[in-house]
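S.K.: For reference, the structure I am asking about is given below.
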Amino acid sequence: MTALNAHTARDAGPPAGTGGPGSGSPARPTGAGLAARRTRARVRAVLAALVTLVFVAPIYLMLVNAFKGQDRIVANPASLPIPPILDNLGTALTRPDNLIPLGLRNSLIVVVCSVALLIPLGAAFSFHISRRRTRTRAAILVALAAGLMVPPQVTLLPTIQILTWLGLDHSYPGLILSNLGGGYLSFAVFVYVGFMRGIPDEIIQAARIDGASGLRIWWQIVMPLVRPASATVAIFLSLWIWNDFLNPLFILGPLQGQTITTGLYLTIGQYSVDYGQLFGIMFLAGVLPVLGYLAAQKQFVAGLTAGSTK
Amino acid sequence: MLTGAATPPDPARPAPRRTRSWLPAARGDRGLFLLAALAFGPYLMFLVLPLLLSLRSSFTNQNPLRATNEFIGLRNYTEMAGDEQLRASLAFTLTLAVGVTIAANVLGVAFAILLNRTSLSYRVMRTIAFLPQVLSGVIVAFVWQTILTQNGLLNSMLTGIGLLDEPYPWLGSPRAALFSIGVVVTWVLSGFTTVVYLAALQGIPVELNDMAEIDGVRGGQRFRTITWPLIAPGTTISVTISLITVLKLYDIIAVLTGGGPANSTQSTALYIVKLAFTSDRVGYASAVAMLLLALSAVAALTVTSALRRREVSL
């Protein structure tokens, strides 16, 4: 809380802040005004901290209770895990059915393959249509926007039928292929088209005159220029595909090994009484996305901002 | 991201019909075209084709268990009219969608205004506020389940400090379950709406706020005259996406209540999956899926066009 207040005092005034906190404001030089301003900043900081607490509380529960035994969880779920125990994680990782290691591996395979295919395909598609006539482009974008809206339940059954017909049901290629269609591609195209609109036509024309092919322009000029868009797309798609539930549950099926999300869903019922085990498994399932988000969160928010305002 | 539609043609250019279309004639562009086609292939195959198949199936009595698959015209659609479970699921889904959309967007605006500071501590708080979005719905729902069940953490805490005499069934009665699910989904979505509104707030020119400050416009008045109208594009996106998200919500409800008690929290999405995979009524499930699709489309288009009009009228 002290660190919080130190920062918020500076926040109250305009960015200047050469003197003491808040002294940079020319509009309110009086002592009374300054005090009122400080109070307001403090109220804001307390409110903001409360809001943050509400957001983080359930995640905090998951975090601390993964390192506590059953008795301590029941006695006081909110207490810190001092001293922490690793039994929950150990038991979860060494289950006879190997749920956690297998689930993590399967999720990684699906996410990496899907995203590695969606990025180049989505970018090439976006580049292709971003240089088409306005009307063609608008029509294609509307068709793709529809993809964002279709509830997965609508396409789930026929998708399984098509995959069965292709001989790819209950397989990773089947799940990855079905990931390539639908809402994920739509999202990638929307982000890319937004960014590509900002690339000056002259650069493309110049490369053309030099005799570069469309493919080459795309790979050597456009792709480096839209790297922030690629980061955004990669982060969001990884997260969504990692957390996807319905498709892995029904396309992979129970026999072919689970992704971490579906494995969690199918197994965790057994632990409805053993909180320690429950939180241990959830911690292991959630830790990768959370760490990934924290590592990439600047890109994450920047991408969301660019995507929503363009 | 939904707004990326047409930009008006640039009037400064001499040949408006041919603007930017440098591709078609060139020979060296076959590679790029192929790659683009490769991207659209899966879209046609795993979105457009399944949609058409689902539509066709909705006119049949397809049932893999009974090995039936005949064309029965509109009978599935007429059956929907008398389906009590469907009616209940629609009522539940719509109530949840409207309630959560309103709550998550009101909270999103409030939190965004509250957290709209650039110093480190506020940046940290913003990062935390988005965390619920990062975890899968399954994890979120399980964590909340340990909090909300009969002998869960919330009840043991409330009885522990004497606020409750006996544990309250937060997920056990129809009313309370609807409310509990609403709270959990709002909690998840608020992180998203907060970030969208924060982005919109940062798009407001600094000069405008400075001018308002000098003129002594602050508080509610500043919100009404400056902030609210200027975050209109953010509102359009945020409200539309919230609505669609809740209309097709599956995982959180499946884990929290599984549709219970007594089917009272069975959303239409849950009902479709139950019809298709538990009852094996694939034809009828497709018809209900078509209804859900139509509902989402109408809701999204209505809300988007209504909110867009507000953007334009600025």
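Just remember, in the structure tokens the first chain shown is A, the second B, etc., residues are 1-based per chain, and ligands are 1-based in the order shown.
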I want to know what sits within 7 Å of Ala287 of chain B, based on only C-alpha atoms, with residues of the same chain fewer than 3 positions away left out; could you give that as a PDB file with all heavy atoms, in the first residue's frame?

M.R.:
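File produced: out_24.pdb:
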ATOM      1  N   SER B  58     -31.093 -29.783 -39.973  1.00  0.00           N
ATOM      2  CA  SER B  58     -32.198 -29.287 -39.153  1.00  0.00           C
ATOM      3  C   SER B  58     -33.561 -29.626 -39.769  1.00  0.00           C
ATOM      4  O   SER B  58     -34.585 -29.475 -39.120  1.00  0.00           O
ATOM      5  CB  SER B  58     -32.062 -27.781 -38.939  1.00  0.00           C
ATOM      6  OG  SER B  58     -32.429 -27.080 -40.096  1.00  0.00           O
ATOM      7  N   ASN B  76     -39.078 -30.201 -37.127  1.00  0.00           N
ATOM      8  CA  ASN B  76     -38.221 -29.797 -36.003  1.00  0.00           C
ATOM      9  C   ASN B  76     -38.548 -28.390 -35.538  1.00  0.00           C
ATOM     10  O   ASN B  76     -38.551 -28.100 -34.338  1.00  0.00           O
ATOM     11  CB  ASN B  76     -36.752 -29.854 -36.411  1.00  0.00           C
ATOM     12  CG  ASN B  76     -36.218 -31.266 -36.453  1.00  0.00           C
ATOM     13  OD1 ASN B  76     -36.673 -32.122 -35.698  1.00  0.00           O
ATOM     14  ND2 ASN B  76     -35.281 -31.516 -37.345  1.00  0.00           N
ATOM     15  N   TYR B  77     -38.793 -27.533 -36.516  1.00  0.00           N
ATOM     16  CA  TYR B  77     -39.045 -26.140 -36.163  1.00  0.00           C
ATOM     17  C   TYR B  77     -40.395 -25.967 -35.485  1.00  0.00           C
ATOM     18  O   TYR B  77     -40.548 -25.145 -34.584  1.00  0.00           O
ATOM     19  CB  TYR B  77     -38.927 -25.254 -37.407  1.00  0.00           C
ATOM     20  CG  TYR B  77     -37.490 -25.133 -37.872  1.00  0.00           C
ATOM     21  CD1 TYR B  77     -36.954 -26.028 -38.802  1.00  0.00           C
ATOM     22  CD2 TYR B  77     -36.653 -24.156 -37.361  1.00  0.00           C
ATOM     23  CE1 TYR B  77     -35.640 -25.940 -39.209  1.00  0.00           C
ATOM     24  CE2 TYR B  77     -35.331 -24.059 -37.759  1.00  0.00           C
ATOM     25  CZ  TYR B  77     -34.828 -24.954 -38.684  1.00  0.00           C
ATOM     26  OH  TYR B  77     -33.510 -24.871 -39.070  1.00  0.00           O
ATOM     27  N   GLY B 283     -30.775 -34.126 -35.617  1.00  0.00           N
ATOM     28  CA  GLY B 283     -31.609 -33.248 -36.443  1.00  0.00           C
ATOM     29  C   GLY B 283     -32.213 -32.120 -35.622  1.00  0.00           C
ATOM     30  O   GLY B 283     -32.089 -30.938 -35.975  1.00  0.00           O
ATOM     31  N   TYR B 284     -32.832 -32.486 -34.521  1.00  0.00           N
ATOM     32  CA  TYR B 284     -33.474 -31.470 -33.694  1.00  0.00           C
ATOM     33  C   TYR B 284     -32.430 -30.530 -33.078  1.00  0.00           C
ATOM     34  O   TYR B 284     -32.653 -29.318 -33.001  1.00  0.00           O
ATOM     35  CB  TYR B 284     -34.310 -32.154 -32.604  1.00  0.00           C
ATOM     36  CG  TYR B 284     -35.160 -31.199 -31.809  1.00  0.00           C
ATOM     37  CD1 TYR B 284     -36.044 -30.341 -32.453  1.00  0.00           C
ATOM     38  CD2 TYR B 284     -35.077 -31.132 -30.424  1.00  0.00           C
ATOM     39  CE1 TYR B 284     -36.826 -29.454 -31.742  1.00  0.00           C
ATOM     40  CE2 TYR B 284     -35.849 -30.247 -29.695  1.00  0.00           C
ATOM     41  CZ  TYR B 284     -36.725 -29.407 -30.362  1.00  0.00           C
ATOM     42  OH  TYR B 284     -37.481 -28.520 -29.644  1.00  0.00           O
ATOM     43  N   MET B 290     -29.642 -23.648 -35.117  1.00  0.00           N
ATOM     44  CA  MET B 290     -29.985 -22.599 -36.086  1.00  0.00           C
ATOM     45  C   MET B 290     -30.696 -21.433 -35.390  1.00  0.00           C
ATOM     46  O   MET B 290     -30.459 -20.275 -35.693  1.00  0.00           O
ATOM     47  CB  MET B 290     -30.896 -23.170 -37.181  1.00  0.00           C
ATOM     48  CG  MET B 290     -30.179 -24.035 -38.190  1.00  0.00           C
ATOM     49  SD  MET B 290     -28.927 -23.072 -39.058  1.00  0.00           S
ATOM     50  CE  MET B 290     -27.549 -24.172 -38.966  1.00  0.00           C
ATOM     51  N   LEU B 291     -31.571 -21.800 -34.451  1.00  0.00           N
ATOM     52  CA  LEU B 291     -32.281 -20.756 -33.701  1.00  0.00           C
ATOM     53  C   LEU B 291     -31.283 -19.908 -32.901  1.00  0.00           C
ATOM     54  O   LEU B 291     -31.359 -18.675 -32.901  1.00  0.00           O
ATOM     55  CB  LEU B 291     -33.307 -21.402 -32.762  1.00  0.00           C
ATOM     56  CG  LEU B 291     -34.095 -20.421 -31.890  1.00  0.00           C
ATOM     57  CD1 LEU B 291     -35.086 -19.642 -32.737  1.00  0.00           C
ATOM     58  CD2 LEU B 291     -34.812 -21.146 -30.765  1.00  0.00           C
TER      59      LEU B 291
END

S.K.: Write out as a ChimeraX atom specification every residue belonging to chain A that has an atom at most 7 Å from any atom of chain B, counting only C-alpha atoms.

M.R.: /A:4,7,11,44,48,52,55-56,58,62,77,121-122,124-125,128,131-134,138,141,145,149-151,153-155,158-159,177-178,180-182,190-191,194,213-215,239,243,245,261,265,282,286,289-290,305,307-308,310

S.K.: Out of segment 36-247 of chain A, which residues get alpha helix (DSSP H) from DSSP, as a PyMOL selection string?

M.R.: chain A and resi 36-65+70-75+87-93+99-130+134-149+152-166+172-180+183-196+201-209+214-217+223-225+227-243+246-247

S.K.: Leaving out Gly69 of chain A and any residue of its chain fewer than 3 positions from it, which residues lie within 10 Å of it when counting only C-alpha atoms, given as a PyMOL selection string?

M.R.: chain A and resi 65-66+72-74+81+84-88+274-277

S.K.: I want to know what sits within 9 Å of Val226 of chain A, based on only C-alpha atoms, with residues of the same chain fewer than 6 positions away left out; could you give that as an NGL selection string?

M.R.: :A and (123 or 192 or 195-196 or 199)

S.K.: Write down as a list of chain:residue names the residues belonging to segment 56-207 of chain B that are assigned strand (DSSP E or B) by DSSP computed on the backbone.

M.R.: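 Here are the strand (DSSP E or B) residues of segment 56-207 of chain B: B:Thr60, B:Asn63, B:Thr68, B:Phe71.
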
S.K.: So what do you get for atom CA of Ile241 of chain A versus atom CA of Leu102 of chain A, distance-wise?

M.R.: 16.6 Å

S.K.: Measuring between only C-alpha atoms, which one of A:Leu246, A:Val112, A:Met223, A:Leu93 shows the shortest distance to Ile252 of chain B?

M.R.: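 Using only C-alpha atoms, Ile252 of chain B sits closest to A:Leu246.
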
S.K.: Quick one: of A:Ile59, A:Val46, A:Ile82, A:Leu175, who's nearest to Ile109 of chain A, counting only C-alpha atoms?

M.R.: A:Leu175
